[in-house]
file coords_19.tsv (TSV, C-alpha atoms)
chain	number	residue	atom	x	y	z
A	1	MET	CA	63.83	110.82	96.36
A	2	TRP	CA	67.34	110.35	94.90
A	3	ALA	CA	68.14	107.94	97.71
A	4	TRP	CA	65.10	105.86	96.71
A	5	PHE	CA	66.16	105.86	93.03
A	6	HIS	CA	69.63	104.83	94.10
A	7	LYS	CA	68.13	102.00	96.15
A	8	LEU	CA	65.97	100.96	93.17
A	9	SER	CA	69.06	100.50	91.03
A	10	SER	CA	70.05	97.56	93.21
A	11	PRO	CA	68.87	94.35	91.44
A	12	LYS	CA	67.96	92.66	94.72
A	13	TYR	CA	65.87	95.59	95.97
A	14	TYR	CA	64.26	96.06	92.54
A	15	TYR	CA	63.30	92.39	92.34
A	16	LYS	CA	61.49	92.53	95.69
A	17	TRP	CA	59.92	95.94	95.06
A	18	SER	CA	58.56	95.05	91.59
A	19	GLY	CA	57.14	91.75	92.84
A	20	LYS	CA	54.61	93.63	94.98
A	21	TRP	CA	53.29	95.48	91.90
A	22	LEU	CA	52.83	92.53	89.55
A	23	PRO	CA	49.37	91.32	90.71
A	24	TRP	CA	48.04	94.90	90.77
A	25	LEU	CA	49.32	95.67	87.29
A	26	GLY	CA	47.96	92.39	85.92
A	27	GLY	CA	44.55	92.89	87.53
A	28	LEU	CA	44.31	96.51	86.42
A	29	THR	CA	45.23	95.56	82.83
A	30	ILE	CA	42.42	93.00	82.69
A	31	ILE	CA	39.81	95.33	84.26
A	32	LEU	CA	40.70	98.35	82.09
A	33	SER	CA	40.85	96.24	78.91
A	34	ALA	CA	37.45	94.69	79.66
A	35	ILE	CA	35.87	98.15	80.21
A	36	GLY	CA	37.60	99.70	77.19
A	37	LEU	CA	36.75	96.82	74.86
A	38	TYR	CA	33.10	96.65	75.94
A	39	TRP	CA	32.74	100.42	75.55
A	40	GLY	CA	34.57	100.52	72.23
A	41	LEU	CA	33.05	97.45	70.61
A	42	VAL	CA	29.50	97.49	72.01
A	43	VAL	CA	28.57	100.93	73.40
A	44	ALA	CA	30.39	103.36	71.07
A	45	PRO	CA	28.28	104.34	68.04
A	46	THR	CA	29.06	103.41	64.44
A	47	ASP	CA	31.18	105.97	62.57
A	48	TYR	CA	29.16	107.86	59.97
A	49	GLN	CA	31.93	107.63	57.35
A	50	GLN	CA	33.87	104.42	58.03
A	51	GLY	CA	31.08	102.30	59.47
A	52	GLU	CA	32.20	99.50	61.81
A	53	SER	CA	35.79	99.18	60.58
A	54	TYR	CA	36.76	102.28	62.59
A	55	ARG	CA	36.55	100.10	65.75
A	56	ILE	CA	40.12	98.98	64.97
A	57	ILE	CA	41.07	102.41	66.36
A	58	PHE	CA	40.66	101.12	69.94
A	59	ILE	CA	43.71	98.89	69.56
A	60	HIS	CA	45.58	100.50	66.67
A	61	VAL	CA	46.00	103.97	68.19
A	62	PRO	CA	46.98	102.79	71.73
A	63	ALA	CA	49.51	100.38	70.15
A	64	ALA	CA	50.94	103.18	67.96
A	65	TRP	CA	51.19	105.53	70.96
A	66	MET	CA	52.90	102.78	72.95
A	67	SER	CA	55.38	102.09	70.14
A	68	MET	CA	56.68	105.67	70.57
A	69	PHE	CA	56.28	105.83	74.36
A	70	VAL	CA	58.25	102.61	74.91
A	71	TYR	CA	61.00	103.93	72.63
A	72	MET	CA	61.27	107.09	74.76
A	73	VAL	CA	61.45	104.97	77.94
A	74	MET	CA	64.14	102.81	76.30
A	75	ALA	CA	66.17	105.83	75.19
A	76	GLY	CA	65.79	107.43	78.66
A	77	ALA	CA	67.03	104.21	80.26
A	78	GLY	CA	69.83	104.13	77.68
A	79	PHE	CA	70.91	107.60	78.74
A	80	VAL	CA	70.90	106.57	82.42
A	81	ALA	CA	72.83	103.40	81.50
A	82	LEU	CA	75.53	105.39	79.72
A	83	VAL	CA	75.85	108.11	82.37
A	84	TRP	CA	75.29	106.27	85.67
A	85	LYS	CA	75.96	102.70	84.42
A	86	THR	CA	73.31	101.08	86.61
A	87	LYS	CA	72.51	97.43	85.86
A	88	ILE	CA	68.76	97.98	86.05
A	89	SER	CA	68.77	100.71	83.38
A	90	GLU	CA	70.82	98.43	81.10
A	91	ILE	CA	68.22	95.70	81.56
A	92	VAL	CA	65.38	98.18	80.91
A	93	VAL	CA	66.94	99.01	77.50
A	94	SER	CA	67.08	95.39	76.37
A	95	GLU	CA	63.62	94.48	77.69
A	96	CYS	CA	61.91	97.62	76.33
A	97	ALA	CA	63.25	96.78	72.87
A	98	VAL	CA	61.32	93.49	72.77
A	99	ILE	CA	58.08	94.96	74.17
A	100	GLY	CA	58.35	98.02	71.91
A	101	ALA	CA	58.84	95.81	68.87
A	102	VAL	CA	55.65	93.91	69.76
A	103	PHE	CA	53.65	97.15	70.09
A	104	THR	CA	55.07	98.50	66.83
A	105	ALA	CA	54.27	95.27	64.99
A	106	ILE	CA	50.70	95.41	66.38
A	107	ALA	CA	50.35	99.05	65.26
A	108	LEU	CA	51.59	98.18	61.76
A	109	VAL	CA	49.48	95.04	61.30
A	110	THR	CA	46.26	96.56	62.68
A	111	GLY	CA	46.95	99.66	60.57
A	112	MET	CA	47.24	97.47	57.48
A	113	LEU	CA	43.99	95.69	58.35
A	114	TRP	CA	42.32	99.05	58.82
A	115	GLY	CA	43.87	100.48	55.66
A	116	LYS	CA	42.40	97.85	53.33
A	117	PRO	CA	38.69	98.69	53.91
A	118	THR	CA	39.41	102.43	54.32
A	119	TRP	CA	42.05	103.24	51.68
A	120	GLY	CA	41.66	100.16	49.47
A	121	THR	CA	45.21	98.97	50.16
A	122	TYR	CA	47.07	97.21	52.97
A	123	TRP	CA	50.25	99.20	52.50
A	124	THR	CA	51.52	102.38	50.92
A	125	TRP	CA	54.97	104.01	51.24
A	126	ASP	CA	53.41	106.91	53.07
A	127	ALA	CA	55.55	108.99	55.52
A	128	ARG	CA	53.65	107.83	58.63
A	129	LEU	CA	53.70	104.15	57.69
A	130	THR	CA	57.32	104.21	56.55
A	131	SER	CA	58.59	106.03	59.67
A	132	GLU	CA	56.70	103.55	61.87
A	133	LEU	CA	58.33	100.68	59.94
A	134	ILE	CA	61.73	102.31	60.54
A	135	LEU	CA	60.86	102.35	64.26
A	136	LEU	CA	60.33	98.58	64.10
A	137	PHE	CA	63.75	98.18	62.45
A	138	LEU	CA	65.32	100.36	65.16
A	139	TYR	CA	63.86	98.04	67.80
A	140	PHE	CA	65.20	95.03	65.85
A	141	GLY	CA	68.59	96.76	65.73
A	142	VAL	CA	68.67	97.24	69.51
A	143	ILE	CA	67.63	93.59	70.05
A	144	ALA	CA	70.23	92.36	67.54
A	145	ILE	CA	73.07	94.39	69.09
A	146	TYR	CA	72.17	93.30	72.62
A	147	SER	CA	71.93	89.62	71.61
A	148	SER	CA	75.07	89.51	69.48
A	149	ILE	CA	77.55	90.79	72.10
A	150	GLU	CA	78.39	88.24	74.78
A	151	ASP	CA	79.47	90.68	77.48
A	152	LYS	CA	76.07	92.06	78.52
A	153	ARG	CA	77.49	95.29	79.95
A	154	VAL	CA	79.23	96.09	76.66
A	155	ALA	CA	76.11	94.99	74.75
A	156	ALA	CA	73.94	97.32	76.84
A	157	LYS	CA	76.28	100.24	76.14
A	158	ALA	CA	76.08	99.71	72.36
A	159	ALA	CA	72.28	99.15	72.49
A	160	SER	CA	71.86	102.31	74.59
A	161	MET	CA	73.77	104.37	72.02
A	162	LEU	CA	71.58	103.13	69.17
A	163	SER	CA	68.41	103.76	71.18
A	164	ILE	CA	69.47	107.38	71.85
A	165	VAL	CA	70.38	108.02	68.20
A	166	GLY	CA	67.04	106.57	67.08
A	167	VAL	CA	65.06	109.13	69.11
A	168	ILE	CA	65.28	111.37	66.03
A	169	ASN	CA	62.63	109.12	64.44
A	170	ILE	CA	59.98	109.87	67.11
A	171	PRO	CA	59.17	113.48	66.10
A	172	ILE	CA	59.35	112.34	62.46
A	173	ILE	CA	56.61	109.77	63.13
A	174	HIS	CA	54.51	112.26	65.07
A	175	TYR	CA	54.75	115.15	62.59
A	176	SER	CA	54.90	113.02	59.40
A	177	VAL	CA	51.20	113.65	58.73
A	178	THR	CA	51.77	117.40	59.05
A	179	TRP	CA	55.06	117.69	57.15
A	180	TRP	CA	54.12	115.52	54.18
A	181	ASN	CA	50.98	114.77	52.18
A	182	SER	CA	49.66	111.60	53.72
A	183	LEU	CA	46.88	109.07	53.29
A	184	HIS	CA	46.95	108.68	57.05
A	185	GLN	CA	44.54	110.83	59.03
A	186	PRO	CA	45.96	113.92	60.85
A	187	ASN	CA	47.02	113.74	64.52
A	188	MET	CA	44.06	113.75	66.89
A	189	GLU	CA	43.33	116.83	69.00
A	190	ILE	CA	42.62	115.44	72.44
A	191	VAL	CA	43.63	118.20	74.83
A	192	SER	CA	41.49	120.90	73.33
A	193	ASP	CA	38.17	122.70	73.85
A	194	LYS	CA	36.91	120.86	70.79
A	195	PRO	CA	38.49	117.38	70.65
A	196	SER	CA	38.56	115.93	67.14
A	197	MET	CA	36.66	112.88	68.39
A	198	ASP	CA	33.26	112.53	70.01
A	199	PRO	CA	33.48	111.67	73.76
A	200	SER	CA	31.52	108.45	73.13
A	201	MET	CA	34.52	107.24	71.09
A	202	LEU	CA	37.27	109.20	72.82
A	203	TYR	CA	36.71	107.83	76.34
A	204	PRO	CA	37.00	104.13	75.42
A	205	LEU	CA	40.08	105.01	73.36
A	206	LEU	CA	41.69	106.70	76.36
A	207	ILE	CA	40.78	103.77	78.62
A	208	MET	CA	42.43	101.37	76.16
A	209	ALA	CA	45.47	103.65	76.03
A	210	ILE	CA	45.78	103.48	79.83
A	211	ALA	CA	45.23	99.70	79.73
A	212	PHE	CA	48.12	99.35	77.24
A	213	LYS	CA	50.35	101.50	79.47
A	214	VAL	CA	49.58	99.39	82.55
A	215	TYR	CA	50.14	96.24	80.48
A	216	PHE	CA	53.53	97.60	79.46
A	217	GLY	CA	54.45	98.10	83.14
A	218	TRP	CA	53.29	94.56	83.90
A	219	VAL	CA	55.29	92.84	81.15
A	220	LEU	CA	58.32	95.09	81.65
A	221	PHE	CA	58.48	94.22	85.36
A	222	MET	CA	58.16	90.50	84.57
A	223	ARG	CA	60.90	90.63	81.96
A	224	ILE	CA	63.25	92.74	84.12
A	225	ARG	CA	62.82	90.32	87.01
A	226	ASN	CA	63.69	87.39	84.72
A	227	GLU	CA	66.79	89.14	83.44
A	228	ILE	CA	67.85	89.98	87.02
A	229	ILE	CA	67.55	86.29	87.97
A	230	SER	CA	69.50	85.29	84.88
A	231	ARG	CA	72.33	87.74	85.50
A	232	GLU	CA	72.50	87.27	89.27
A	233	ARG	CA	72.10	83.50	89.32
A	234	ALA	CA	75.46	83.03	91.02
A	235	THR	CA	74.60	85.32	93.93
A	236	LYS	CA	73.55	84.10	97.36
A	237	TRP	CA	70.22	85.96	97.41
A	238	VAL	CA	69.06	84.38	94.12
A	239	LYS	CA	70.02	80.89	95.33
A	240	GLU	CA	68.09	81.51	98.55
A	241	LEU	CA	65.11	82.81	96.57
A	242	VAL	CA	65.04	79.72	94.36
A	243	THR	CA	65.42	77.37	97.31
A	244	ALA	CA	62.60	79.11	99.18
A	245	SER	CA	60.17	78.95	96.21
B	1	MET	CA	24.24	89.40	67.96
B	2	GLN	CA	24.95	88.23	64.40
B	3	GLU	CA	25.02	91.86	63.30
B	4	PHE	CA	27.62	92.62	65.98
B	5	PHE	CA	29.96	89.88	64.80
B	6	TYR	CA	29.33	90.70	61.14
B	7	MET	CA	30.66	94.27	61.67
B	8	ASP	CA	29.01	95.70	58.59
B	9	GLY	CA	30.80	93.14	56.39
B	10	LYS	CA	34.23	94.17	57.78
B	11	TRP	CA	34.40	91.37	60.36
B	12	MET	CA	37.59	89.89	58.91
B	13	TYR	CA	39.50	93.15	59.36
B	14	VAL	CA	38.04	94.09	62.74
B	15	TRP	CA	38.19	90.67	64.42
B	16	GLY	CA	41.49	89.88	62.68
B	17	SER	CA	43.02	92.99	64.27
B	18	TYR	CA	41.69	92.14	67.71
B	19	ALA	CA	42.76	88.49	67.43
B	20	ILE	CA	46.33	89.35	66.39
B	21	THR	CA	46.63	91.92	69.19
B	22	LEU	CA	45.27	89.56	71.82
B	23	ILE	CA	47.54	86.71	70.70
B	24	ALA	CA	50.64	88.95	70.72
B	25	LEU	CA	49.91	90.44	74.14
B	26	VAL	CA	48.99	87.12	75.77
B	27	LEU	CA	52.03	85.35	74.27
B	28	SER	CA	54.32	88.04	75.74
B	29	ILE	CA	52.99	87.20	79.21
B	30	VAL	CA	53.19	83.43	78.61
B	31	PHE	CA	56.80	83.67	77.37
B	32	ALA	CA	57.81	85.80	80.38
B	33	ASN	CA	56.21	83.27	82.75
B	34	SER	CA	57.76	80.26	81.09
B	35	ARG	CA	61.20	81.92	81.08
B	36	LYS	CA	60.88	82.50	84.82
B	37	LYS	CA	60.01	78.83	85.40
B	38	LYS	CA	62.89	77.71	83.17
B	39	LEU	CA	65.37	79.95	85.00
B	40	PHE	CA	64.23	78.73	88.42
B	41	ARG	CA	64.48	75.10	87.25
B	42	GLU	CA	68.00	75.65	85.90
B	43	ILE	CA	69.18	77.27	89.12
B	44	GLU	CA	67.54	74.53	91.22
B	45	ASP	CA	69.30	71.87	89.13
B	46	SER	CA	72.64	73.62	89.49
B	47	LEU	CA	72.20	73.74	93.27
B	48	GLU	CA	71.53	69.98	93.40
B	49	ASP	CA	74.70	69.18	91.42
call {"tool": "encode", "arguments": {"input": "coords_19.tsv", "output": "structure tokens"}}
result
Amino acid sequence: MWAWFHKLSSPKYYYKWSGKWLPWLGGLTIILSAIGLYWGLVVAPTDYQQGESYRIIFIHVPAAWMSMFVYMVMAGAGFVALVWKTKISEIVVSECAVIGAVFTAIALVTGMLWGKPTWGTYWTWDARLTSELILLFLYFGVIAIYSSIEDKRVAAKAASMLSIVGVINIPIIHYSVTWWNSLHQPNMEIVSDKPSMDPSMLYPLLIMAIAFKVYFGWVLFMRIRNEIISRERATKWVKELVTAS
Amino acid sequence: MQEFFYMDGKWMYVWGSYAITLIALVLSIVFANSRKKKLFREIEDSLED
């Protein structure tokens, strides 16, 4: 197991290994999204309180979950980058920051579009919304640090440190609706005898959540592979790869 | 069908959310693909020089 992880930290091995997964991840993303969207938009019943506007949940909640999940992956990679100093983990930090920022922006924008018909306002300085906005700024911070330092190994070290420090914001986002009075609805009970959502709505939501996770793997692999090519462009194996393509 | 797209009068919010999400996710893939092509072209050019 450790030997395999060690092997995976080699850019050349990682490039070849991840290439095999790309078509599967892409295909699975499209299939799961199609099922989840059809179920959520067409089959799932109308909500008795919110009417049709609740259907934003099928993209808003998976995007919000991903915004936190990607941050944890980034911070985990940051820890590995600081301790074991592997090139791949450094690349994962920088690439996760961009993807995480996209998911966070989607969660914020779709939340605003859901907030207007539900709360009567696009934005309020509520604990959940504000902590999610801080998450977006943390991602911007990691991107800015990584882009502003020319030596990519030094840049990755600084970005990794910020990503680890920012982990403090994740439980704040999650528990914000419990710790403070909030306009935002409470956290959903999914793993429970009585889930807080009817299965006819919960299942498409979970399918969309899986689709977003697979999509993340797909884009992350593509971005990591690009960064590997960019960093290793002077090596023999990259030149051979380009010549052979 | 019209009722489905009308979304109880909330079509702007619902379809707006889906459109923004789709555009963002598809653009991420397109950018990654175009960066790969650009990198390969740059390396190919440098090999010819």
call {"tool": "atom_distance", "arguments": {"input": "coords_19.tsv", "atom1": "atom CA of A:Lys116", "atom2": "atom CA of A:Leu183"}}
result
12.1 Å
call {"tool": "interface_residues", "arguments": {"input": "coords_19.tsv", "of": "chain A", "to": "chain B", "cutoff": "7 Å", "atoms": "only C-alpha atoms", "output": "mmCIF file with C-alpha atoms, keeping the file's coordinate frame"}}
result
data_model
loop_
_atom_site.group_PDB
_atom_site.id
_atom_site.type_symbol
_atom_site.label_atom_id
_atom_site.label_comp_id
_atom_site.auth_asym_id
_atom_site.auth_seq_id
_atom_site.Cartn_x
_atom_site.Cartn_y
_atom_site.Cartn_z
ATOM 1 C CA GLY A 51 31.080 102.300 59.470
ATOM 2 C CA GLU A 52 32.200 99.500 61.810
ATOM 3 C CA SER A 53 35.790 99.180 60.580
ATOM 4 C CA ARG A 55 36.550 100.100 65.750
ATOM 5 C CA ILE A 56 40.120 98.980 64.970
ATOM 6 C CA ILE A 106 50.700 95.410 66.380
ATOM 7 C CA THR A 110 46.260 96.560 62.680
ATOM 8 C CA LEU A 113 43.990 95.690 58.350
ATOM 9 C CA TRP A 114 42.320 99.050 58.820
ATOM 10 C CA VAL A 219 55.290 92.840 81.150
ATOM 11 C CA MET A 222 58.160 90.500 84.570
ATOM 12 C CA ARG A 223 60.900 90.630 81.960
ATOM 13 C CA ASN A 226 63.690 87.390 84.720
ATOM 14 C CA SER A 230 69.500 85.290 84.880
ATOM 15 C CA ARG A 233 72.100 83.500 89.320
ATOM 16 C CA VAL A 242 65.040 79.720 94.360
#
call {"tool": "atom_distance", "arguments": {"input": "coords_19.tsv", "atom1": "atom CA of A:Leu22", "atom2": "atom CA of A:Gly217"}}
result
8.6 Å
call {"tool": "closest_residue", "arguments": {"input": "coords_19.tsv", "among": "A:Val167, A:Val73, A:Met201, A:Cys96", "to": "A:Tyr38", "atoms": "all atoms listed in the file"}}
result
A:Met201
call {"tool": "atom_distance", "arguments": {"input": "coords_19.tsv", "atom1": "atom CA of A:Trp84", "atom2": "atom CA of A:Lys236"}}
result
25.1 Å
call {"tool": "residues_around", "arguments": {"input": "coords_19.tsv", "residues": "stretch 149-154 of chain A", "least_positions_apart": "4", "cutoff": "9 Å", "atoms": "only C-alpha atoms", "output": "PyMOL selection string"}}
result
chain A and resi 85+87+90+144-145+158-159
call {"tool": "write_last_selection", "arguments": {"input": "coords_19.tsv", "atoms": "C-alpha atoms", "output": "mmCIF file, keeping the file's coordinate frame"}}
result
data_model
loop_
_atom_site.group_PDB
_atom_site.id
_atom_site.type_symbol
_atom_site.label_atom_id
_atom_site.label_comp_id
_atom_site.auth_asym_id
_atom_site.auth_seq_id
_atom_site.Cartn_x
_atom_site.Cartn_y
_atom_site.Cartn_z
ATOM 1 C CA LYS A 85 75.960 102.700 84.420
ATOM 2 C CA LYS A 87 72.510 97.430 85.860
ATOM 3 C CA GLU A 90 70.820 98.430 81.100
ATOM 4 C CA ALA A 144 70.230 92.360 67.540
ATOM 5 C CA ILE A 145 73.070 94.390 69.090
ATOM 6 C CA ALA A 158 76.080 99.710 72.360
ATOM 7 C CA ALA A 159 72.280 99.150 72.490
#
call {"tool": "closest_residue", "arguments": {"input": "coords_19.tsv", "among": "A:Ile59, A:Val142, A:Leu162, A:Val83", "to": "A:Gly36", "atoms": "all atoms listed in the file"}}
result
A:Ile59
